[in-house]
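This is input-v5.txt (compact mmCIF, N, CA and C atoms).
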# COMPACT_ATOMS: atom_id res chain seq x y z
N MET A 1 -54.13 -32.78 57.62
CA MET A 1 -53.01 -32.30 56.85
C MET A 1 -53.50 -31.64 55.57
N ASN A 2 -52.98 -30.51 55.29
CA ASN A 2 -53.40 -29.73 54.14
C ASN A 2 -52.53 -30.07 52.94
N THR A 3 -53.09 -30.66 51.88
CA THR A 3 -52.34 -31.05 50.68
C THR A 3 -52.50 -30.05 49.54
N GLN A 4 -53.09 -28.95 49.85
CA GLN A 4 -53.31 -27.92 48.84
C GLN A 4 -51.99 -27.25 48.48
N LYS A 5 -51.73 -27.10 47.15
CA LYS A 5 -50.50 -26.44 46.69
C LYS A 5 -50.60 -24.94 46.91
N THR A 6 -49.49 -24.35 47.27
CA THR A 6 -49.48 -22.90 47.43
C THR A 6 -49.09 -22.25 46.11
N ARG A 7 -49.72 -21.17 45.83
CA ARG A 7 -49.42 -20.45 44.59
C ARG A 7 -48.26 -19.51 44.83
N PRO A 8 -47.44 -19.30 43.80
CA PRO A 8 -46.34 -18.36 43.96
C PRO A 8 -46.89 -16.95 44.18
N VAL A 9 -46.15 -16.19 44.94
CA VAL A 9 -46.55 -14.82 45.23
C VAL A 9 -46.11 -13.93 44.07
N GLY A 10 -46.91 -12.95 43.74
CA GLY A 10 -46.56 -12.01 42.67
C GLY A 10 -47.29 -12.32 41.38
N ARG A 11 -47.01 -11.48 40.41
CA ARG A 11 -47.65 -11.65 39.11
C ARG A 11 -47.02 -12.80 38.35
N PRO A 12 -47.81 -13.42 37.48
CA PRO A 12 -47.22 -14.45 36.62
C PRO A 12 -46.24 -13.80 35.63
N PRO A 13 -45.27 -14.56 35.12
CA PRO A 13 -44.30 -13.95 34.21
C PRO A 13 -44.99 -13.43 32.94
N VAL A 14 -44.53 -12.28 32.48
CA VAL A 14 -45.11 -11.67 31.28
C VAL A 14 -44.65 -12.45 30.05
N VAL A 15 -43.40 -12.89 30.05
CA VAL A 15 -42.87 -13.65 28.93
C VAL A 15 -42.79 -15.12 29.37
N THR A 16 -43.67 -15.91 28.81
CA THR A 16 -43.75 -17.32 29.19
C THR A 16 -42.69 -18.15 28.48
N ASP A 17 -42.53 -19.38 28.92
CA ASP A 17 -41.59 -20.30 28.26
C ASP A 17 -41.98 -20.50 26.79
N SER A 18 -43.27 -20.57 26.55
CA SER A 18 -43.76 -20.73 25.18
C SER A 18 -43.36 -19.52 24.31
N ALA A 19 -43.45 -18.33 24.88
CA ALA A 19 -43.06 -17.12 24.14
C ALA A 19 -41.56 -17.11 23.88
N ILE A 20 -40.77 -17.59 24.83
CA ILE A 20 -39.31 -17.65 24.64
C ILE A 20 -38.97 -18.60 23.49
N ILE A 21 -39.66 -19.71 23.41
CA ILE A 21 -39.43 -20.65 22.30
C ILE A 21 -39.79 -20.00 20.96
N LYS A 22 -40.88 -19.24 20.95
CA LYS A 22 -41.27 -18.53 19.72
C LYS A 22 -40.23 -17.48 19.34
N LEU A 23 -39.69 -16.79 20.34
CA LEU A 23 -38.63 -15.81 20.08
C LEU A 23 -37.40 -16.51 19.49
N GLU A 24 -37.01 -17.62 20.09
CA GLU A 24 -35.84 -18.38 19.61
C GLU A 24 -36.05 -18.83 18.17
N ASN A 25 -37.24 -19.34 17.86
CA ASN A 25 -37.53 -19.80 16.50
C ASN A 25 -37.48 -18.65 15.50
N ALA A 26 -38.00 -17.50 15.89
CA ALA A 26 -37.98 -16.34 15.00
C ALA A 26 -36.55 -15.85 14.76
N PHE A 27 -35.77 -15.77 15.84
CA PHE A 27 -34.38 -15.34 15.69
C PHE A 27 -33.57 -16.33 14.86
N ALA A 28 -33.88 -17.60 14.96
CA ALA A 28 -33.13 -18.63 14.23
C ALA A 28 -33.33 -18.53 12.72
N ILE A 29 -34.41 -17.89 12.29
CA ILE A 29 -34.62 -17.71 10.84
C ILE A 29 -34.31 -16.29 10.38
N GLY A 30 -33.64 -15.53 11.25
CA GLY A 30 -33.16 -14.21 10.84
C GLY A 30 -34.10 -13.05 11.12
N ALA A 31 -35.13 -13.26 11.93
CA ALA A 31 -36.05 -12.17 12.25
C ALA A 31 -35.34 -11.11 13.09
N ASN A 32 -35.73 -9.86 12.89
CA ASN A 32 -35.21 -8.81 13.76
C ASN A 32 -36.04 -8.79 15.05
N VAL A 33 -35.67 -7.96 15.99
CA VAL A 33 -36.35 -7.94 17.30
C VAL A 33 -37.83 -7.64 17.15
N SER A 34 -38.16 -6.65 16.33
CA SER A 34 -39.56 -6.27 16.15
C SER A 34 -40.38 -7.43 15.59
N GLU A 35 -39.85 -8.11 14.60
CA GLU A 35 -40.55 -9.25 14.00
C GLU A 35 -40.70 -10.40 15.00
N ALA A 36 -39.65 -10.67 15.76
CA ALA A 36 -39.70 -11.75 16.75
C ALA A 36 -40.72 -11.44 17.84
N LEU A 37 -40.75 -10.19 18.30
CA LEU A 37 -41.71 -9.81 19.34
C LEU A 37 -43.14 -9.96 18.83
N HIS A 38 -43.36 -9.56 17.60
CA HIS A 38 -44.70 -9.69 17.02
C HIS A 38 -45.10 -11.17 16.94
N THR A 39 -44.17 -12.00 16.47
CA THR A 39 -44.44 -13.44 16.33
C THR A 39 -44.76 -14.08 17.68
N ALA A 40 -44.01 -13.67 18.70
CA ALA A 40 -44.18 -14.28 20.03
C ALA A 40 -45.28 -13.62 20.85
N GLY A 41 -45.78 -12.49 20.39
CA GLY A 41 -46.82 -11.79 21.15
C GLY A 41 -46.28 -11.17 22.43
N VAL A 42 -45.04 -10.66 22.36
CA VAL A 42 -44.38 -10.08 23.53
C VAL A 42 -44.21 -8.58 23.32
N LYS A 43 -44.48 -7.83 24.36
CA LYS A 43 -44.28 -6.37 24.30
C LYS A 43 -42.80 -6.04 24.42
N LYS A 44 -42.43 -4.92 23.81
CA LYS A 44 -41.02 -4.52 23.79
C LYS A 44 -40.45 -4.33 25.20
N ASP A 45 -41.19 -3.67 26.08
CA ASP A 45 -40.71 -3.45 27.46
C ASP A 45 -40.50 -4.78 28.18
N ALA A 46 -41.43 -5.71 28.00
CA ALA A 46 -41.32 -7.02 28.65
C ALA A 46 -40.09 -7.77 28.14
N TYR A 47 -39.82 -7.65 26.84
CA TYR A 47 -38.66 -8.31 26.25
C TYR A 47 -37.36 -7.77 26.85
N TYR A 48 -37.23 -6.46 26.89
CA TYR A 48 -35.99 -5.87 27.43
C TYR A 48 -35.84 -6.11 28.93
N ASN A 49 -36.94 -6.14 29.65
CA ASN A 49 -36.88 -6.50 31.08
C ASN A 49 -36.42 -7.95 31.25
N LEU A 50 -36.90 -8.83 30.38
CA LEU A 50 -36.48 -10.23 30.40
C LEU A 50 -34.98 -10.34 30.19
N LEU A 51 -34.45 -9.61 29.21
CA LEU A 51 -33.01 -9.65 28.93
C LEU A 51 -32.18 -9.12 30.10
N LYS A 52 -32.73 -8.13 30.82
CA LYS A 52 -32.02 -7.62 32.00
C LYS A 52 -31.97 -8.68 33.10
N ARG A 53 -33.10 -9.38 33.28
CA ARG A 53 -33.18 -10.42 34.32
C ARG A 53 -32.37 -11.66 33.95
N GLU A 54 -32.34 -11.96 32.65
CA GLU A 54 -31.67 -13.18 32.19
C GLU A 54 -30.73 -12.87 31.03
N PRO A 55 -29.54 -12.32 31.33
CA PRO A 55 -28.62 -11.92 30.27
C PRO A 55 -28.16 -13.07 29.38
N GLU A 56 -28.21 -14.29 29.88
CA GLU A 56 -27.82 -15.43 29.04
C GLU A 56 -28.78 -15.60 27.86
N LEU A 57 -30.03 -15.16 28.03
CA LEU A 57 -30.97 -15.21 26.91
C LEU A 57 -30.57 -14.23 25.81
N ALA A 58 -30.06 -13.07 26.21
CA ALA A 58 -29.61 -12.09 25.21
C ALA A 58 -28.50 -12.69 24.35
N GLU A 59 -27.57 -13.38 25.01
CA GLU A 59 -26.49 -14.04 24.27
C GLU A 59 -27.03 -15.12 23.36
N ARG A 60 -27.98 -15.88 23.86
CA ARG A 60 -28.58 -16.96 23.04
C ARG A 60 -29.28 -16.38 21.83
N PHE A 61 -30.07 -15.32 22.03
CA PHE A 61 -30.79 -14.69 20.92
C PHE A 61 -29.81 -14.13 19.89
N ASP A 62 -28.74 -13.50 20.36
CA ASP A 62 -27.72 -12.97 19.43
C ASP A 62 -27.10 -14.09 18.60
N ALA A 63 -26.80 -15.19 19.25
CA ALA A 63 -26.21 -16.33 18.54
C ALA A 63 -27.19 -16.88 17.50
N LEU A 64 -28.44 -16.97 17.87
CA LEU A 64 -29.44 -17.48 16.93
C LEU A 64 -29.59 -16.55 15.72
N ARG A 65 -29.49 -15.25 15.95
CA ARG A 65 -29.60 -14.29 14.83
C ARG A 65 -28.48 -14.47 13.82
N GLN A 66 -27.35 -15.02 14.24
CA GLN A 66 -26.22 -15.23 13.34
C GLN A 66 -26.38 -16.48 12.48
N ASN A 67 -27.25 -17.39 12.88
CA ASN A 67 -27.40 -18.66 12.16
C ASN A 67 -27.65 -18.51 10.66
N PRO A 68 -28.60 -17.69 10.22
CA PRO A 68 -28.83 -17.59 8.77
C PRO A 68 -27.61 -17.06 8.02
N VAL A 69 -26.89 -16.13 8.62
CA VAL A 69 -25.70 -15.58 7.97
C VAL A 69 -24.63 -16.65 7.85
N ILE A 70 -24.43 -17.39 8.91
CA ILE A 70 -23.42 -18.46 8.89
C ILE A 70 -23.81 -19.53 7.88
N LYS A 71 -25.08 -19.87 7.85
CA LYS A 71 -25.56 -20.88 6.90
C LYS A 71 -25.34 -20.42 5.46
N ALA A 72 -25.64 -19.15 5.19
CA ALA A 72 -25.45 -18.60 3.84
C ALA A 72 -23.97 -18.59 3.47
N ARG A 73 -23.13 -18.18 4.39
CA ARG A 73 -21.68 -18.19 4.12
C ARG A 73 -21.18 -19.60 3.81
N GLN A 74 -21.68 -20.57 4.57
CA GLN A 74 -21.27 -21.95 4.34
C GLN A 74 -21.69 -22.42 2.96
N ARG A 75 -22.89 -22.03 2.57
CA ARG A 75 -23.40 -22.43 1.25
C ARG A 75 -22.55 -21.83 0.13
N VAL A 76 -22.19 -20.56 0.27
CA VAL A 76 -21.33 -19.91 -0.72
C VAL A 76 -19.97 -20.60 -0.75
N TYR A 77 -19.42 -20.87 0.41
CA TYR A 77 -18.11 -21.53 0.49
C TYR A 77 -18.15 -22.91 -0.17
N ASP A 78 -19.20 -23.67 0.10
CA ASP A 78 -19.33 -25.01 -0.50
C ASP A 78 -19.45 -24.94 -2.01
N ALA A 79 -20.09 -23.89 -2.52
CA ALA A 79 -20.30 -23.76 -3.96
C ALA A 79 -19.03 -23.32 -4.70
N LEU A 80 -18.07 -22.78 -4.01
CA LEU A 80 -16.87 -22.28 -4.67
C LEU A 80 -16.11 -23.36 -5.43
N ASP A 81 -16.13 -24.59 -4.95
CA ASP A 81 -15.39 -25.67 -5.61
C ASP A 81 -15.94 -26.01 -6.99
N ASN A 82 -17.25 -25.86 -7.18
CA ASN A 82 -17.88 -26.34 -8.41
C ASN A 82 -18.53 -25.27 -9.27
N ASP A 83 -18.62 -24.06 -8.78
CA ASP A 83 -19.41 -23.05 -9.47
C ASP A 83 -18.59 -21.77 -9.67
N THR A 84 -18.15 -21.54 -10.90
CA THR A 84 -17.35 -20.37 -11.22
C THR A 84 -18.13 -19.08 -11.01
N SER A 85 -19.42 -19.10 -11.30
CA SER A 85 -20.21 -17.88 -11.14
C SER A 85 -20.28 -17.45 -9.68
N THR A 86 -20.32 -18.40 -8.76
CA THR A 86 -20.31 -18.07 -7.34
C THR A 86 -18.97 -17.46 -6.96
N ALA A 87 -17.90 -18.00 -7.48
CA ALA A 87 -16.57 -17.46 -7.20
C ALA A 87 -16.46 -16.02 -7.71
N LYS A 88 -16.96 -15.77 -8.93
CA LYS A 88 -16.94 -14.40 -9.48
C LYS A 88 -17.77 -13.46 -8.62
N TRP A 89 -18.95 -13.92 -8.24
CA TRP A 89 -19.85 -13.11 -7.43
C TRP A 89 -19.18 -12.70 -6.12
N LEU A 90 -18.52 -13.67 -5.48
CA LEU A 90 -17.86 -13.40 -4.21
C LEU A 90 -16.74 -12.38 -4.38
N LEU A 91 -15.92 -12.55 -5.41
CA LEU A 91 -14.83 -11.60 -5.65
C LEU A 91 -15.36 -10.20 -5.95
N GLU A 92 -16.42 -10.11 -6.74
CA GLU A 92 -17.00 -8.80 -7.06
C GLU A 92 -17.47 -8.06 -5.82
N ARG A 93 -17.97 -8.81 -4.84
CA ARG A 93 -18.48 -8.17 -3.62
C ARG A 93 -17.41 -7.95 -2.57
N LYS A 94 -16.49 -8.86 -2.47
CA LYS A 94 -15.43 -8.73 -1.47
C LYS A 94 -14.32 -7.78 -1.92
N LEU A 95 -14.02 -7.77 -3.20
CA LEU A 95 -12.95 -6.92 -3.74
C LEU A 95 -13.45 -6.14 -4.96
N PRO A 96 -14.43 -5.26 -4.77
CA PRO A 96 -15.03 -4.57 -5.92
C PRO A 96 -14.04 -3.69 -6.68
N GLN A 97 -13.05 -3.13 -5.99
CA GLN A 97 -12.09 -2.27 -6.68
C GLN A 97 -11.27 -3.06 -7.70
N GLU A 98 -11.14 -4.36 -7.51
CA GLU A 98 -10.36 -5.20 -8.41
C GLU A 98 -11.23 -5.98 -9.40
N TYR A 99 -12.39 -6.46 -8.94
CA TYR A 99 -13.16 -7.41 -9.73
C TYR A 99 -14.55 -6.94 -10.16
N SER A 100 -14.94 -5.75 -9.81
CA SER A 100 -16.28 -5.30 -10.19
C SER A 100 -16.37 -5.12 -11.70
N PRO A 101 -17.45 -5.64 -12.31
CA PRO A 101 -17.60 -5.47 -13.76
C PRO A 101 -18.05 -4.05 -14.13
N LYS A 102 -18.50 -3.31 -13.16
CA LYS A 102 -18.97 -1.94 -13.41
C LYS A 102 -17.80 -0.99 -13.29
N ALA A 103 -17.69 -0.11 -14.24
CA ALA A 103 -16.64 0.90 -14.18
C ALA A 103 -17.02 1.92 -13.12
N GLN A 104 -16.08 2.22 -12.27
CA GLN A 104 -16.32 3.22 -11.24
C GLN A 104 -15.48 4.43 -11.58
N ILE A 105 -16.16 5.50 -11.93
CA ILE A 105 -15.48 6.71 -12.35
C ILE A 105 -15.76 7.80 -11.32
N GLU A 106 -14.72 8.43 -10.88
CA GLU A 106 -14.87 9.53 -9.94
C GLU A 106 -14.65 10.82 -10.70
N ILE A 107 -15.61 11.71 -10.64
CA ILE A 107 -15.53 12.97 -11.36
C ILE A 107 -15.55 14.09 -10.34
N SER A 108 -14.58 14.97 -10.46
CA SER A 108 -14.61 16.16 -9.63
C SER A 108 -14.58 17.36 -10.58
N HIS A 109 -15.31 18.37 -10.21
CA HIS A 109 -15.42 19.52 -11.10
C HIS A 109 -15.52 20.78 -10.24
N THR A 110 -14.78 21.77 -10.62
CA THR A 110 -14.92 23.07 -9.97
C THR A 110 -15.48 24.01 -11.02
N HIS A 111 -16.28 24.92 -10.57
CA HIS A 111 -16.94 25.85 -11.49
C HIS A 111 -16.56 27.27 -11.11
N THR A 112 -16.17 28.02 -12.07
CA THR A 112 -15.93 29.43 -11.83
C THR A 112 -16.88 30.24 -12.69
N LEU A 113 -17.21 31.39 -12.21
CA LEU A 113 -18.13 32.26 -12.93
C LEU A 113 -17.38 33.11 -13.95
N ASP A 114 -17.99 33.33 -15.10
CA ASP A 114 -17.31 34.18 -16.09
C ASP A 114 -17.40 35.64 -15.68
N SER A 115 -16.56 36.44 -16.25
CA SER A 115 -16.41 37.84 -15.81
C SER A 115 -17.69 38.65 -16.00
N GLN A 116 -18.45 38.40 -17.07
CA GLN A 116 -19.68 39.16 -17.29
C GLN A 116 -20.71 38.85 -16.21
N LEU A 117 -20.84 37.56 -15.83
CA LEU A 117 -21.77 37.18 -14.77
C LEU A 117 -21.31 37.76 -13.43
N LEU A 118 -20.00 37.73 -13.19
CA LEU A 118 -19.47 38.31 -11.96
C LEU A 118 -19.80 39.79 -11.86
N GLU A 119 -19.67 40.50 -12.94
CA GLU A 119 -19.97 41.94 -12.95
C GLU A 119 -21.45 42.18 -12.67
N THR A 120 -22.31 41.37 -13.23
CA THR A 120 -23.76 41.49 -12.99
C THR A 120 -24.07 41.24 -11.52
N ILE A 121 -23.47 40.22 -10.95
CA ILE A 121 -23.70 39.92 -9.52
C ILE A 121 -23.14 41.04 -8.66
N ARG A 122 -21.99 41.55 -8.99
CA ARG A 122 -21.38 42.65 -8.23
C ARG A 122 -22.30 43.87 -8.21
N LYS A 123 -22.84 44.23 -9.38
CA LYS A 123 -23.76 45.39 -9.46
C LYS A 123 -25.00 45.15 -8.62
N PHE A 124 -25.54 43.93 -8.70
CA PHE A 124 -26.72 43.59 -7.91
C PHE A 124 -26.42 43.73 -6.43
N ASN A 125 -25.28 43.18 -6.00
CA ASN A 125 -24.90 43.23 -4.59
C ASN A 125 -24.70 44.66 -4.12
N GLN A 126 -24.09 45.52 -4.96
CA GLN A 126 -23.90 46.92 -4.59
C GLN A 126 -25.24 47.61 -4.42
N ARG A 127 -26.16 47.33 -5.35
CA ARG A 127 -27.48 47.95 -5.27
C ARG A 127 -28.23 47.50 -4.02
N GLU A 128 -28.01 46.24 -3.61
CA GLU A 128 -28.69 45.69 -2.44
C GLU A 128 -27.92 45.94 -1.14
N GLY A 129 -26.71 46.47 -1.23
CA GLY A 129 -25.90 46.73 -0.05
C GLY A 129 -25.30 45.48 0.56
N ARG A 130 -25.00 44.47 -0.25
CA ARG A 130 -24.45 43.20 0.23
C ARG A 130 -22.93 43.18 0.09
N GLN A 131 -22.29 42.26 0.84
CA GLN A 131 -20.84 42.08 0.78
C GLN A 131 -20.47 41.36 -0.51
N ASP A 132 -19.26 41.60 -1.01
CA ASP A 132 -18.77 40.99 -2.24
C ASP A 132 -17.63 40.01 -2.02
N ASP A 133 -17.42 39.53 -0.79
CA ASP A 133 -16.25 38.69 -0.49
C ASP A 133 -16.16 37.45 -1.37
N VAL A 134 -17.25 36.70 -1.48
CA VAL A 134 -17.24 35.46 -2.24
C VAL A 134 -17.06 35.76 -3.72
N ILE A 135 -17.72 36.78 -4.18
CA ILE A 135 -17.63 37.14 -5.60
C ILE A 135 -16.21 37.55 -5.95
N GLU A 136 -15.52 38.28 -5.05
CA GLU A 136 -14.14 38.68 -5.31
C GLU A 136 -13.24 37.47 -5.48
N ALA A 137 -13.43 36.45 -4.64
CA ALA A 137 -12.62 35.24 -4.75
C ALA A 137 -12.88 34.54 -6.08
N GLU A 138 -14.12 34.50 -6.52
CA GLU A 138 -14.47 33.88 -7.80
C GLU A 138 -13.85 34.68 -8.95
N ALA A 139 -13.81 35.99 -8.83
CA ALA A 139 -13.26 36.83 -9.90
C ALA A 139 -11.77 36.56 -10.06
N VAL A 140 -11.05 36.40 -8.97
CA VAL A 140 -9.62 36.11 -9.04
C VAL A 140 -9.41 34.78 -9.74
N GLU A 141 -10.23 33.75 -9.38
CA GLU A 141 -10.09 32.46 -10.02
C GLU A 141 -10.39 32.55 -11.51
N ALA A 142 -11.44 33.30 -11.88
CA ALA A 142 -11.83 33.42 -13.28
C ALA A 142 -10.74 34.11 -14.09
N LYS A 143 -10.09 35.13 -13.52
CA LYS A 143 -9.05 35.87 -14.25
C LYS A 143 -7.79 35.02 -14.40
N SER A 144 -7.53 34.11 -13.46
CA SER A 144 -6.31 33.33 -13.52
C SER A 144 -6.41 32.15 -14.47
N LEU A 145 -7.63 31.85 -14.97
CA LEU A 145 -7.80 30.74 -15.89
C LEU A 145 -7.48 31.18 -17.31
N PRO A 146 -6.86 30.30 -18.11
CA PRO A 146 -6.59 30.66 -19.50
C PRO A 146 -7.88 30.67 -20.29
N ASP A 147 -7.97 31.53 -21.30
CA ASP A 147 -9.14 31.61 -22.14
C ASP A 147 -9.06 30.49 -23.17
N LEU A 148 -10.02 29.55 -23.12
CA LEU A 148 -10.02 28.42 -24.04
C LEU A 148 -10.86 28.66 -25.28
N GLY A 149 -11.51 29.80 -25.34
CA GLY A 149 -12.45 30.05 -26.43
C GLY A 149 -11.87 30.70 -27.56

Do you think you could lay out the structure here as structure tokens?
Amino acid sequence: MNTQKTRPVGRPPVVTDSAIIKLENAFAIGANVSEALHTAGVKKDAYYNLLKREPELAERFDALRQNPVIKARQRVYDALDNDTSTAKWLLERKLPQEYSPKAQIEISHTHTLDSQLLETIRKFNQREGRQDDVIEAEAVEAKSLPDLG
């Protein structure tokens, strides 16, 4: 009787159980895919092939990536009861239009060319044989403005 074990047919898995554990640990501390692959010693193609073969791992990795964010949110939430500065910080970031300490000023400005500059550009364009369409529109705007000087 032959008691020799038979070996599985085919190549050994590229991503081992040990590498999967390393990936999970990296994702659990907020590593991105590139960082996790480097930590686990896994090639990008092998990783994506693994996710195709085992979609439940993709879900697990996604869930692990959320852990640091959830932990940070919980810490902020817990601090709200006792720490006014945390409450201010949260309001400034969640509702900046209402609570931001920085003044937000929106400036819009239109510029029109004065008539002397328009005439110089017009002469240049005529000498060069160029169209004056844009300059004509600017001239109309400049003439319609009141003289503030």

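If you measure from each of A:Asn82, A:Glu24, A:Thr120, A:Gly129 to Arg60 (chain A) using all atoms listed in the file, the closest one turns out to be A:Glu24.
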
Identify, on the basis of all atoms listed in the file, every residue whose closest approach to Ala46 (chain A) does not exceed 8 Å; exclude the query and any residue fewer than 5 positions from it along the same chain; express the result as an NGL selection string.
:A and (14-15 or 51-52)

12 Å contact set for Tyr77 (chain A), only C-alpha atoms, chain neighbours under 4 positions out, as a PyMOL selection string:
chain A and resi 70-73+81-84+86-87+89-90

Would you pick out the contacts of Val33 (chain A) at 9 Å or less, using only C-alpha atoms, so that residues sharing its chain but fewer than 5 positions from it are not included, and give the list as a PyMOL selection string?
chain A and resi 23+26-27+38+44

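The closest residue to Gln66 (chain A), picked from A:Asp45, A:Pro101, A:Gly30, A:Glu35 and counting all atoms listed in the file, is A:Gly30.
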
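Atom pair CA of Arg93 (chain A) / CA of Ile29 (chain A) has a distance of 23.7 Å (rounded to one decimal).
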
Which residues, protein or nucleic acid, reach to within 7 Å of (-45.3, -21.0, 17.0) in the file's coordinates when using all atoms listed in the file, and can you give that as an MDAnalysis selection string?
chainID A and resid 21:22 39

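Closest to Leu57 (chain A) among A:Ala40, A:Val76, A:Leu91, A:Ile20 is A:Ile20, based on only C-alpha atoms.
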
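Pairwise distance (CA of Asp17 (chain A), CA of Leu50 (chain A)) equals 11.5 Å.
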
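CA of Asn67 (chain A) sits 18.3 Å away from CA of Leu37 (chain A).
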
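With only C-alpha atoms as the atoms that count, the minimum distance from Phe61 (chain A) to the choices A:Ser115, A:Ser18, A:Asn25, A:Ser34 is reached by A:Asn25.
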